[in-house]
file entry18.cif (mmCIF, C-alpha atoms)
data_start
loop_
_atom_site.label_atom_id
_atom_site.label_comp_id
_atom_site.auth_asym_id
_atom_site.auth_seq_id
_atom_site.Cartn_x
_atom_site.Cartn_y
_atom_site.Cartn_z
CA ILE A 16 -23.43 4.45 39.32
CA PRO A 17 -26.35 6.87 38.73
CA GLY A 18 -25.25 10.43 39.43
CA GLN A 19 -22.89 13.10 38.16
CA VAL A 20 -19.29 14.24 38.39
CA THR A 21 -18.99 17.34 40.61
CA ILE A 22 -15.19 17.68 40.55
CA LYS A 23 -13.33 16.52 37.46
CA GLY A 24 -10.12 16.40 39.47
CA THR A 25 -6.90 14.75 38.32
CA VAL A 26 -7.93 11.24 37.23
CA GLU A 27 -7.07 11.89 33.58
CA THR A 28 -3.87 13.85 34.24
CA ALA A 29 -2.24 12.02 37.18
CA PRO A 30 0.31 9.26 36.45
CA ASP A 31 -0.92 5.68 36.82
CA ASN A 32 1.64 5.05 39.56
CA GLY A 33 0.53 8.01 41.69
CA MET A 34 -2.62 9.41 43.32
CA SER A 35 -5.68 11.17 41.89
CA ILE A 36 -8.99 12.69 42.98
CA ARG A 37 -12.53 13.11 41.64
CA GLY A 38 -15.85 14.29 43.12
CA TYR A 39 -19.34 12.83 42.61
CA ARG A 40 -22.98 13.30 43.51
CA PHE A 41 -24.74 9.91 43.48
CA ASP A 42 -28.44 9.08 43.43
CA LYS A 43 -30.08 6.66 45.86
CA THR A 44 -29.11 3.19 44.61
CA GLU A 45 -27.85 -0.34 45.23
CA VAL A 46 -24.67 -1.20 43.35
CA SER A 47 -21.98 -3.84 42.93
CA ILE A 48 -18.51 -2.34 42.53
CA PRO A 49 -15.98 -4.53 40.67
CA GLY A 50 -12.43 -5.01 41.85
CA MET A 51 -10.48 -1.83 41.16
CA ARG A 52 -6.90 -1.18 40.07
CA ASP A 53 -6.27 1.28 42.92
CA TYR A 54 -7.06 1.68 46.59
CA GLU A 55 -9.90 4.16 47.10
CA LEU A 56 -10.62 6.62 49.90
CA VAL A 57 -14.12 8.10 50.02
CA ARG A 58 -14.74 11.32 51.98
CA TRP A 59 -18.42 11.92 52.66
CA LYS A 60 -19.51 15.52 52.07
CA SER A 61 -23.16 14.70 52.70
CA GLY A 62 -23.83 11.54 54.67
CA THR A 63 -26.69 9.09 54.96
CA SER A 64 -28.41 7.44 57.90
CA ASN A 65 -28.78 4.23 55.91
CA LEU A 66 -25.63 2.92 54.18
CA GLY A 67 -25.53 -0.79 53.46
CA PHE A 68 -22.38 -2.87 52.94
CA HIS A 69 -22.50 -6.58 52.15
CA ASP A 70 -19.62 -8.37 53.89
CA GLY A 71 -19.96 -11.53 51.77
CA LYS A 72 -22.41 -13.15 54.18
CA GLN A 73 -24.94 -10.52 55.16
CA TRP A 74 -25.80 -6.83 54.92
CA GLN A 75 -24.39 -4.44 57.49
CA LYS A 76 -26.15 -1.11 58.06
CA TRP A 77 -24.22 2.07 58.87
CA SER A 78 -25.01 5.69 59.59
CA VAL A 79 -22.58 8.05 57.85
CA GLY A 80 -21.81 11.58 59.01
CA ASP A 81 -20.32 14.42 57.02
CA ASN A 82 -16.53 14.05 56.69
CA ASP A 83 -16.56 10.35 57.60
CA VAL A 84 -14.28 8.17 55.44
CA THR A 85 -14.76 4.84 53.65
CA LEU A 86 -11.79 2.67 52.63
CA LEU A 87 -11.94 0.32 49.64
CA THR A 88 -9.19 -2.14 48.87
CA ARG A 89 -8.00 -2.92 45.36
CA GLY A 90 -8.79 -6.08 43.39
CA GLU A 91 -11.86 -7.08 45.45
CA SER A 92 -15.47 -6.47 44.48
CA SER A 93 -18.02 -5.11 46.95
CA ARG A 94 -21.79 -4.47 47.25
CA TRP A 95 -23.36 -1.29 48.64
CA TYR A 96 -26.60 0.63 48.91
CA TRP A 97 -27.52 4.08 50.20
CA MET A 98 -31.07 5.30 50.80
CA ASN A 99 -30.72 8.96 49.81
CA ASP A 100 -28.70 11.06 47.39
CA ILE A 101 -25.11 11.57 48.55
CA GLU A 102 -22.08 13.70 47.69
CA VAL A 103 -18.54 12.34 48.03
CA SER A 104 -14.99 12.81 46.88
CA HIS A 105 -12.81 9.85 45.87
CA ILE A 106 -9.04 9.64 46.20
CA TYR A 107 -7.39 6.81 44.27
CA ILE A 108 -3.99 5.52 45.41
CA SER A 109 -1.94 3.22 43.20
CA GLN A 110 -0.34 0.05 44.52
CA THR A 111 3.01 1.35 43.24
CA MET A 112 2.80 4.52 45.30
CA MET A 113 1.68 2.74 48.45
CA ALA A 114 4.49 0.19 48.11
CA LYS A 115 7.10 2.92 47.55
CA VAL A 116 6.09 4.75 50.71
CA ALA A 117 5.93 1.45 52.63
CA ASN A 118 9.47 0.59 51.49
CA GLU A 119 10.64 3.95 52.81
CA VAL A 120 8.71 3.71 56.08
CA PHE A 121 9.94 0.22 56.94
CA GLN A 122 13.31 0.59 55.17
CA GLN A 123 12.79 -2.87 53.77
CA ASP A 124 11.28 -4.41 50.65
CA VAL A 125 7.54 -4.97 50.96
CA ASP A 126 6.05 -8.02 49.25
CA ARG A 127 2.40 -7.13 49.76
CA VAL A 128 0.32 -4.20 50.94
CA PHE A 129 -3.31 -4.87 51.91
CA ILE A 130 -6.25 -2.79 53.19
CA HIS A 131 -9.58 -4.34 54.17
CA HIS A 132 -12.83 -2.76 53.01
CA CYS A 133 -13.85 -0.40 55.85
CA PRO A 134 -17.42 0.93 55.40
CA ILE A 135 -16.88 3.81 57.82
CA VAL A 136 -13.90 5.12 59.77
CA ASN A 137 -14.37 8.19 61.94
CA ASP A 138 -10.85 9.51 61.40
CA ALA A 139 -10.67 13.29 61.67
CA LYS A 140 -6.98 13.42 60.75
CA LEU A 141 -7.42 11.40 57.54
CA SER A 142 -10.53 13.42 56.61
CA ARG A 143 -8.61 16.69 57.05
CA LEU A 144 -5.74 15.42 54.92
CA MET A 145 -8.19 14.43 52.18
CA ALA A 146 -10.00 17.78 52.31
CA THR A 147 -6.73 19.72 52.16
CA TYR A 148 -5.49 17.55 49.30
CA GLU A 149 -8.69 18.24 47.34
CA MET A 150 -8.29 21.97 47.92
CA GLU A 151 -4.65 21.96 46.75
CA CYS A 152 -5.40 19.83 43.67
CA LEU A 153 -8.02 22.39 42.61
CA SER A 154 -5.94 25.42 43.58
CA GLY A 155 -3.99 27.55 41.18
CA GLU A 156 -1.87 29.00 43.96
CA PRO A 157 1.95 28.91 43.67
CA GLY A 158 3.34 25.68 45.13
CA SER A 159 -0.01 23.86 45.13
CA SER A 160 1.42 20.92 43.17
CA LEU A 161 4.32 20.50 45.60
CA PHE A 162 1.98 20.87 48.58
CA ALA A 163 -0.30 18.18 47.11
CA GLN A 164 2.67 15.81 46.72
CA THR A 165 3.57 16.17 50.42
CA LEU A 166 -0.05 15.48 51.35
CA GLU A 167 -0.01 12.32 49.24
CA ILE A 168 2.92 10.98 51.26
CA GLN A 169 1.26 11.98 54.55
CA MET A 170 -1.93 10.13 53.59
CA CYS A 171 0.01 6.98 52.66
CA ILE A 172 1.96 7.07 55.94
CA HIS A 173 -1.25 7.55 57.93
CA LEU A 174 -2.85 4.59 56.17
CA LEU A 175 0.24 2.46 56.77
CA ARG A 176 0.16 3.31 60.48
CA GLN A 177 -3.56 2.77 61.01
CA TYR A 178 -5.13 0.52 58.39
CA VAL A 179 -2.62 -1.26 56.14
CA ARG A 180 -1.11 -4.69 56.61
CA CYS A 181 2.33 -5.11 55.02
CA ASP A 182 4.11 -8.38 54.33
CA LEU A 183 7.85 -7.75 54.47
CA ARG A 184 10.33 -9.81 52.51
CA ASP A 185 12.78 -12.05 54.32
CA SER A 186 15.82 -10.12 55.51
CA ASP A 187 18.03 -12.22 53.21
CA HIS A 188 16.17 -10.74 50.24
CA ALA A 189 15.83 -7.19 51.53
CA SER A 190 17.58 -4.35 49.76
CA ARG A 191 18.21 -6.32 46.58
CA LEU A 192 17.52 -5.53 42.96
CA THR A 193 16.09 -8.33 40.84
CA ASN A 194 18.03 -9.30 37.74
CA LEU A 195 15.32 -7.69 35.61
CA LYS A 196 15.55 -4.40 37.52
CA ARG A 197 19.35 -4.44 37.32
CA ASP A 198 19.18 -4.99 33.57
CA GLN A 199 16.68 -2.14 33.18
CA LEU A 200 18.88 0.15 35.26
CA GLN A 201 22.01 -0.81 33.32
CA GLN A 202 20.28 -0.14 30.00
CA TYR A 203 19.11 3.25 31.23
CA ILE A 204 22.60 4.24 32.41
CA ASP A 205 24.26 3.02 29.19
CA SER A 206 21.84 5.01 27.03
CA HIS A 207 22.20 8.23 29.07
CA LEU A 208 25.95 8.45 29.60
CA SER A 209 26.15 11.60 27.50
CA CYS A 210 23.93 13.60 29.88
CA PRO A 211 23.50 14.06 33.66
CA ILE A 212 21.89 11.07 35.40
CA SER A 213 20.05 11.83 38.64
CA VAL A 214 19.31 9.51 41.54
CA LYS A 215 15.63 10.43 41.14
CA ASP A 216 15.62 9.27 37.51
CA MET A 217 17.37 5.98 38.30
CA ALA A 218 15.03 5.33 41.25
CA ALA A 219 12.03 5.80 38.97
CA ILE A 220 13.34 3.11 36.59
CA VAL A 221 13.19 0.50 39.37
CA ASP A 222 10.05 1.88 41.08
CA LEU A 223 11.72 2.95 44.34
CA SER A 224 11.87 6.21 46.25
CA PRO A 225 15.20 8.08 45.78
CA SER A 226 16.34 7.64 49.39
CA TYR A 227 15.51 3.91 49.42
CA PHE A 228 17.13 3.48 46.01
CA VAL A 229 20.42 4.81 47.41
CA ARG A 230 20.48 2.01 49.99
CA VAL A 231 19.46 -0.68 47.48
CA PHE A 232 22.04 0.51 44.94
CA GLY A 233 24.77 0.43 47.58
CA ALA A 234 23.83 -3.12 48.59
CA ALA A 235 23.79 -4.25 44.95
CA TYR A 236 26.99 -2.59 43.70
CA GLY A 237 29.06 -1.82 46.79
CA VAL A 238 29.26 1.90 45.96
CA SER A 239 26.89 4.85 46.15
CA PRO A 240 25.08 5.97 43.00
#

call {"tool": "encode", "arguments": {"input": "entry18.cif", "output": "structure tokens"}}
result
Amino acid sequence: IPGQVTIKGTVETAPDNGMSIRGYRFDKTEVSIPGMRDYELVRWKSGTSNLGFHDGKQWQKWSVGDNDVTLLTRGESSRWYWMNDIEVSHIYISQTMMAKVANEVFQQDVDRVFIHHCPIVNDAKLSRLMATYEMECLSGEPGSSLFAQTLEIQMCIHLLRQYVRCDLRDSDHASRLTNLKRDQLQQYIDSHLSCPISVKDMAAIVDLSPSYFVRVFGAAYGVSP
């Protein structure tokens, strides 16, 4: 997209299974955006009175104010135009992270997490979370990394409450480890018996949050980790 990067952010340094941020200034343009790996939140720092979004059948026209938010789902292309130069910040959220938080929120395995493209949501709470997250990611203050991690979870929970549709697994299959995940966990434990093994490390092997992993482990093995 014609324009320039205004905030380098954390796209290169953040893990693929987490969250990252980057800022841009874009020129007036019409563009087709391919399906992306991650969910994307766009916070508008300078809006436009003429934003176009093609819903697959026709163009919709929107007026965007400063601090409005756009939501883009993953894996689906979209078409847009804007009639003046704009400035935005993008937050990218991995499917893995969203699913982990969803598992914790619903205390049940989630088969699918889905967000529709939303050209504009006037959501002051989400916009404030995004602005604070940007500030902490760019801050060198003590504890900024930990603060940013808590904001990541808050953003995911807010999205799950307001915008995300989750398909939960049947109760008969909830709180189970697949054979592949059990094998991966067993291999990790066997190869690390000579040193301390934390719940956090084991949870990371099977892509679960530590607290949810404790419940899944108990259901699988009949004992706590």

call {"tool": "resolve_selection", "arguments": {"input": "entry18.cif", "expression": "the PyMOL selection byres ((chain A and resi 66-70) around 8)", "output": "PDB file with C-alpha atoms, in the coordinates of the input"}}
result
ATOM      1  CA  THR A  63     -26.690   9.090  54.960  1.00  0.00           C
ATOM      2  CA  SER A  64     -28.410   7.440  57.900  1.00  0.00           C
ATOM      3  CA  ASN A  65     -28.780   4.230  55.910  1.00  0.00           C
ATOM      4  CA  GLY A  71     -19.960 -11.530  51.770  1.00  0.00           C
ATOM      5  CA  LYS A  72     -22.410 -13.150  54.180  1.00  0.00           C
ATOM      6  CA  GLN A  73     -24.940 -10.520  55.160  1.00  0.00           C
ATOM      7  CA  TRP A  74     -25.800  -6.830  54.920  1.00  0.00           C
ATOM      8  CA  GLN A  75     -24.390  -4.440  57.490  1.00  0.00           C
ATOM      9  CA  LYS A  76     -26.150  -1.110  58.060  1.00  0.00           C
ATOM     10  CA  TRP A  77     -24.220   2.070  58.870  1.00  0.00           C
ATOM     11  CA  SER A  78     -25.010   5.690  59.590  1.00  0.00           C
ATOM     12  CA  VAL A  79     -22.580   8.050  57.850  1.00  0.00           C
ATOM     13  CA  SER A  93     -18.020  -5.110  46.950  1.00  0.00           C
ATOM     14  CA  ARG A  94     -21.790  -4.470  47.250  1.00  0.00           C
ATOM     15  CA  TRP A  95     -23.360  -1.290  48.640  1.00  0.00           C
ATOM     16  CA  TYR A  96     -26.600   0.630  48.910  1.00  0.00           C
ATOM     17  CA  TRP A  97     -27.520   4.080  50.200  1.00  0.00           C
ATOM     18  CA  MET A  98     -31.070   5.300  50.800  1.00  0.00           C
ATOM     19  CA  PRO A 134     -17.420   0.930  55.400  1.00  0.00           C
TER      20      PRO A 134
END

call {"tool": "resolve_selection", "arguments": {"input": "entry18.cif", "expression": "the PyMOL selection byres ((chain A and resi 143) around 12)", "output": "PyMOL selection string"}}
result
chain A and resi 58-59+81-84+137-142+144-150+166+169-170+173

call {"tool": "resolve_selection", "arguments": {"input": "entry18.cif", "expression": "the PyMOL selection byres ((chain A and resi 180) around 12)", "output": "ChimeraX atom specification"}}
result
/A:88,113-114,117,125-131,174-179,181-183

call {"tool": "residues_around", "arguments": {"input": "entry18.cif", "residues": "Ser224 in chain A", "least_positions_apart": "3", "cutoff": "9 Å", "atoms": "all atoms listed in the file", "output": "PyMOL selection string"}}
result
chain A and resi 115-116+118-119+215+218-219+227-229

call {"tool": "closest_residue", "arguments": {"input": "entry18.cif", "among": "A:Thr193, A:Ser61, A:Thr25, A:Ser226", "to": "Arg40 in chain A", "atoms": "all atoms listed in the file"}}
result
A:Ser61

call {"tool": "decode", "arguments": {"input": "entry18.cif", "residues": "range 129-160 of chain A", "atoms": "N, CA, C and O atoms", "output": "PDB file, in the first residue's frame"}}
result
ATOM      1  N   PHE A 129     -13.783 -16.836  15.182  1.00  0.00           N
ATOM      2  CA  PHE A 129     -14.023 -16.097  13.942  1.00  0.00           C
ATOM      3  C   PHE A 129     -14.477 -14.674  14.235  1.00  0.00           C
ATOM      4  O   PHE A 129     -15.314 -14.453  15.109  1.00  0.00           O
ATOM      5  N   ILE A 130     -13.905 -13.705  13.504  1.00  0.00           N
ATOM      6  CA  ILE A 130     -14.305 -12.307  13.560  1.00  0.00           C
ATOM      7  C   ILE A 130     -14.675 -11.864  12.148  1.00  0.00           C
ATOM      8  O   ILE A 130     -13.919 -12.099  11.196  1.00  0.00           O
ATOM      9  N   HIS A 131     -15.814 -11.239  11.975  1.00  0.00           N
ATOM     10  CA  HIS A 131     -16.173 -10.675  10.680  1.00  0.00           C
ATOM     11  C   HIS A 131     -15.386  -9.386  10.435  1.00  0.00           C
ATOM     12  O   HIS A 131     -14.996  -8.687  11.368  1.00  0.00           O
ATOM     13  N   HIS A 132     -15.146  -9.075   9.143  1.00  0.00           N
ATOM     14  CA  HIS A 132     -14.633  -7.753   8.811  1.00  0.00           C
ATOM     15  C   HIS A 132     -15.621  -6.703   9.337  1.00  0.00           C
ATOM     16  O   HIS A 132     -16.826  -6.770   9.058  1.00  0.00           O
ATOM     17  N   CYS A 133     -15.140  -5.737  10.086  1.00  0.00           N
ATOM     18  CA  CYS A 133     -15.973  -4.632  10.570  1.00  0.00           C
ATOM     19  C   CYS A 133     -15.309  -3.327  10.146  1.00  0.00           C
ATOM     20  O   CYS A 133     -14.285  -2.942  10.733  1.00  0.00           O
ATOM     21  N   PRO A 134     -15.842  -2.642   9.123  1.00  0.00           N
ATOM     22  CA  PRO A 134     -15.184  -1.428   8.626  1.00  0.00           C
ATOM     23  C   PRO A 134     -14.954  -0.384   9.717  1.00  0.00           C
ATOM     24  O   PRO A 134     -13.877   0.188   9.804  1.00  0.00           O
ATOM     25  N   ILE A 135     -15.948  -0.158  10.560  1.00  0.00           N
ATOM     26  CA  ILE A 135     -15.800   0.816  11.635  1.00  0.00           C
ATOM     27  C   ILE A 135     -16.581   0.357  12.857  1.00  0.00           C
ATOM     28  O   ILE A 135     -17.749  -0.019  12.759  1.00  0.00           O
ATOM     29  N   VAL A 136     -15.916   0.355  14.014  1.00  0.00           N
ATOM     30  CA  VAL A 136     -16.607   0.186  15.292  1.00  0.00           C
ATOM     31  C   VAL A 136     -16.218   1.373  16.171  1.00  0.00           C
ATOM     32  O   VAL A 136     -15.049   1.694  16.315  1.00  0.00           O
ATOM     33  N   ASN A 137     -17.219   2.047  16.690  1.00  0.00           N
ATOM     34  CA  ASN A 137     -16.979   3.174  17.591  1.00  0.00           C
ATOM     35  C   ASN A 137     -16.935   2.621  19.007  1.00  0.00           C
ATOM     36  O   ASN A 137     -17.930   2.578  19.713  1.00  0.00           O
ATOM     37  N   ASP A 138     -15.766   2.132  19.391  1.00  0.00           N
ATOM     38  CA  ASP A 138     -15.586   1.402  20.648  1.00  0.00           C
ATOM     39  C   ASP A 138     -14.481   2.097  21.438  1.00  0.00           C
ATOM     40  O   ASP A 138     -13.287   1.842  21.242  1.00  0.00           O
ATOM     41  N   ALA A 139     -14.887   2.997  22.329  1.00  0.00           N
ATOM     42  CA  ALA A 139     -13.917   3.800  23.074  1.00  0.00           C
ATOM     43  C   ALA A 139     -13.014   2.935  23.953  1.00  0.00           C
ATOM     44  O   ALA A 139     -11.819   3.212  24.086  1.00  0.00           O
ATOM     45  N   LYS A 140     -13.574   1.875  24.536  1.00  0.00           N
ATOM     46  CA  LYS A 140     -12.782   1.018  25.415  1.00  0.00           C
ATOM     47  C   LYS A 140     -11.686   0.304  24.628  1.00  0.00           C
ATOM     48  O   LYS A 140     -10.512   0.270  25.054  1.00  0.00           O
ATOM     49  N   LEU A 141     -12.047  -0.283  23.486  1.00  0.00           N
ATOM     50  CA  LEU A 141     -11.061  -0.977  22.660  1.00  0.00           C
ATOM     51  C   LEU A 141     -10.005   0.002  22.145  1.00  0.00           C
ATOM     52  O   LEU A 141      -8.804  -0.311  22.136  1.00  0.00           O
ATOM     53  N   SER A 142     -10.426   1.200  21.734  1.00  0.00           N
ATOM     54  CA  SER A 142      -9.482   2.194  21.245  1.00  0.00           C
ATOM     55  C   SER A 142      -8.492   2.600  22.333  1.00  0.00           C
ATOM     56  O   SER A 142      -7.289   2.745  22.070  1.00  0.00           O
ATOM     57  N   ARG A 143      -8.973   2.753  23.578  1.00  0.00           N
ATOM     58  CA  ARG A 143      -8.076   3.106  24.677  1.00  0.00           C
ATOM     59  C   ARG A 143      -7.088   1.993  24.968  1.00  0.00           C
ATOM     60  O   ARG A 143      -5.901   2.240  25.230  1.00  0.00           O
ATOM     61  N   LEU A 144      -7.558   0.744  24.928  1.00  0.00           N
ATOM     62  CA  LEU A 144      -6.660  -0.389  25.141  1.00  0.00           C
ATOM     63  C   LEU A 144      -5.565  -0.413  24.080  1.00  0.00           C
ATOM     64  O   LEU A 144      -4.386  -0.641  24.381  1.00  0.00           O
ATOM     65  N   MET A 145      -5.949  -0.169  22.829  1.00  0.00           N
ATOM     66  CA  MET A 145      -4.977  -0.175  21.740  1.00  0.00           C
ATOM     67  C   MET A 145      -3.966   0.960  21.897  1.00  0.00           C
ATOM     68  O   MET A 145      -2.759   0.771  21.685  1.00  0.00           O
ATOM     69  N   ALA A 146      -4.447   2.147  22.276  1.00  0.00           N
ATOM     70  CA  ALA A 146      -3.552   3.294  22.438  1.00  0.00           C
ATOM     71  C   ALA A 146      -2.574   3.060  23.582  1.00  0.00           C
ATOM     72  O   ALA A 146      -1.376   3.366  23.473  1.00  0.00           O
ATOM     73  N   THR A 147      -3.074   2.497  24.683  1.00  0.00           N
ATOM     74  CA  THR A 147      -2.206   2.219  25.830  1.00  0.00           C
ATOM     75  C   THR A 147      -1.197   1.136  25.488  1.00  0.00           C
ATOM     76  O   THR A 147      -0.019   1.208  25.882  1.00  0.00           O
ATOM     77  N   TYR A 148      -1.633   0.125  24.740  1.00  0.00           N
ATOM     78  CA  TYR A 148      -0.731  -0.944  24.321  1.00  0.00           C
ATOM     79  C   TYR A 148       0.399  -0.379  23.448  1.00  0.00           C
ATOM     80  O   TYR A 148       1.566  -0.732  23.628  1.00  0.00           O
ATOM     81  N   GLU A 149       0.051   0.493  22.517  1.00  0.00           N
ATOM     82  CA  GLU A 149       1.069   1.120  21.671  1.00  0.00           C
ATOM     83  C   GLU A 149       2.082   1.885  22.524  1.00  0.00           C
ATOM     84  O   GLU A 149       3.295   1.772  22.323  1.00  0.00           O
ATOM     85  N   MET A 150       1.575   2.641  23.495  1.00  0.00           N
ATOM     86  CA  MET A 150       2.460   3.427  24.347  1.00  0.00           C
ATOM     87  C   MET A 150       3.416   2.530  25.135  1.00  0.00           C
ATOM     88  O   MET A 150       4.605   2.813  25.240  1.00  0.00           O
ATOM     89  N   GLU A 151       2.901   1.408  25.668  1.00  0.00           N
ATOM     90  CA  GLU A 151       3.741   0.514  26.470  1.00  0.00           C
ATOM     91  C   GLU A 151       4.743  -0.241  25.602  1.00  0.00           C
ATOM     92  O   GLU A 151       5.873  -0.498  26.023  1.00  0.00           O
ATOM     93  N   CYS A 152       4.347  -0.599  24.375  1.00  0.00           N
ATOM     94  CA  CYS A 152       5.281  -1.295  23.475  1.00  0.00           C
ATOM     95  C   CYS A 152       6.452  -0.399  23.100  1.00  0.00           C
ATOM     96  O   CYS A 152       7.559  -0.894  22.839  1.00  0.00           O
ATOM     97  N   LEU A 153       6.219   0.908  23.055  1.00  0.00           N
ATOM     98  CA  LEU A 153       7.272   1.843  22.671  1.00  0.00           C
ATOM     99  C   LEU A 153       8.002   2.424  23.877  1.00  0.00           C
ATOM    100  O   LEU A 153       8.986   3.139  23.730  1.00  0.00           O
ATOM    101  N   SER A 154       7.527   2.088  25.071  1.00  0.00           N
ATOM    102  CA  SER A 154       8.101   2.653  26.292  1.00  0.00           C
ATOM    103  C   SER A 154       9.319   1.864  26.748  1.00  0.00           C
ATOM    104  O   SER A 154       9.410   0.659  26.578  1.00  0.00           O
ATOM    105  N   GLY A 155      10.243   2.582  27.339  1.00  0.00           N
ATOM    106  CA  GLY A 155      11.388   1.918  27.961  1.00  0.00           C
ATOM    107  C   GLY A 155      11.278   1.888  29.464  1.00  0.00           C
ATOM    108  O   GLY A 155      12.245   1.573  30.169  1.00  0.00           O
ATOM    109  N   GLU A 156      10.077   2.188  29.978  1.00  0.00           N
ATOM    110  CA  GLU A 156       9.870   2.240  31.421  1.00  0.00           C
ATOM    111  C   GLU A 156       9.927   0.838  32.026  1.00  0.00           C
ATOM    112  O   GLU A 156       9.585  -0.154  31.361  1.00  0.00           O
ATOM    113  N   PRO A 157      10.355   0.732  33.304  1.00  0.00           N
ATOM    114  CA  PRO A 157      10.357  -0.578  33.967  1.00  0.00           C
ATOM    115  C   PRO A 157       8.947  -1.184  33.972  1.00  0.00           C
ATOM    116  O   PRO A 157       7.959  -0.493  34.226  1.00  0.00           O
ATOM    117  N   GLY A 158       8.872  -2.459  33.645  1.00  0.00           N
ATOM    118  CA  GLY A 158       7.589  -3.170  33.666  1.00  0.00           C
ATOM    119  C   GLY A 158       6.746  -2.986  32.431  1.00  0.00           C
ATOM    120  O   GLY A 158       5.628  -3.506  32.365  1.00  0.00           O
ATOM    121  N   SER A 159       7.252  -2.257  31.417  1.00  0.00           N
ATOM    122  CA  SER A 159       6.431  -2.005  30.231  1.00  0.00           C
ATOM    123  C   SER A 159       6.088  -3.293  29.490  1.00  0.00           C
ATOM    124  O   SER A 159       4.976  -3.450  28.970  1.00  0.00           O
ATOM    125  N   SER A 160       7.022  -4.239  29.443  1.00  0.00           N
ATOM    126  CA  SER A 160       6.758  -5.511  28.762  1.00  0.00           C
ATOM    127  C   SER A 160       5.648  -6.288  29.461  1.00  0.00           C
ATOM    128  O   SER A 160       4.742  -6.834  28.810  1.00  0.00           O
TER     129      SER A 160
END
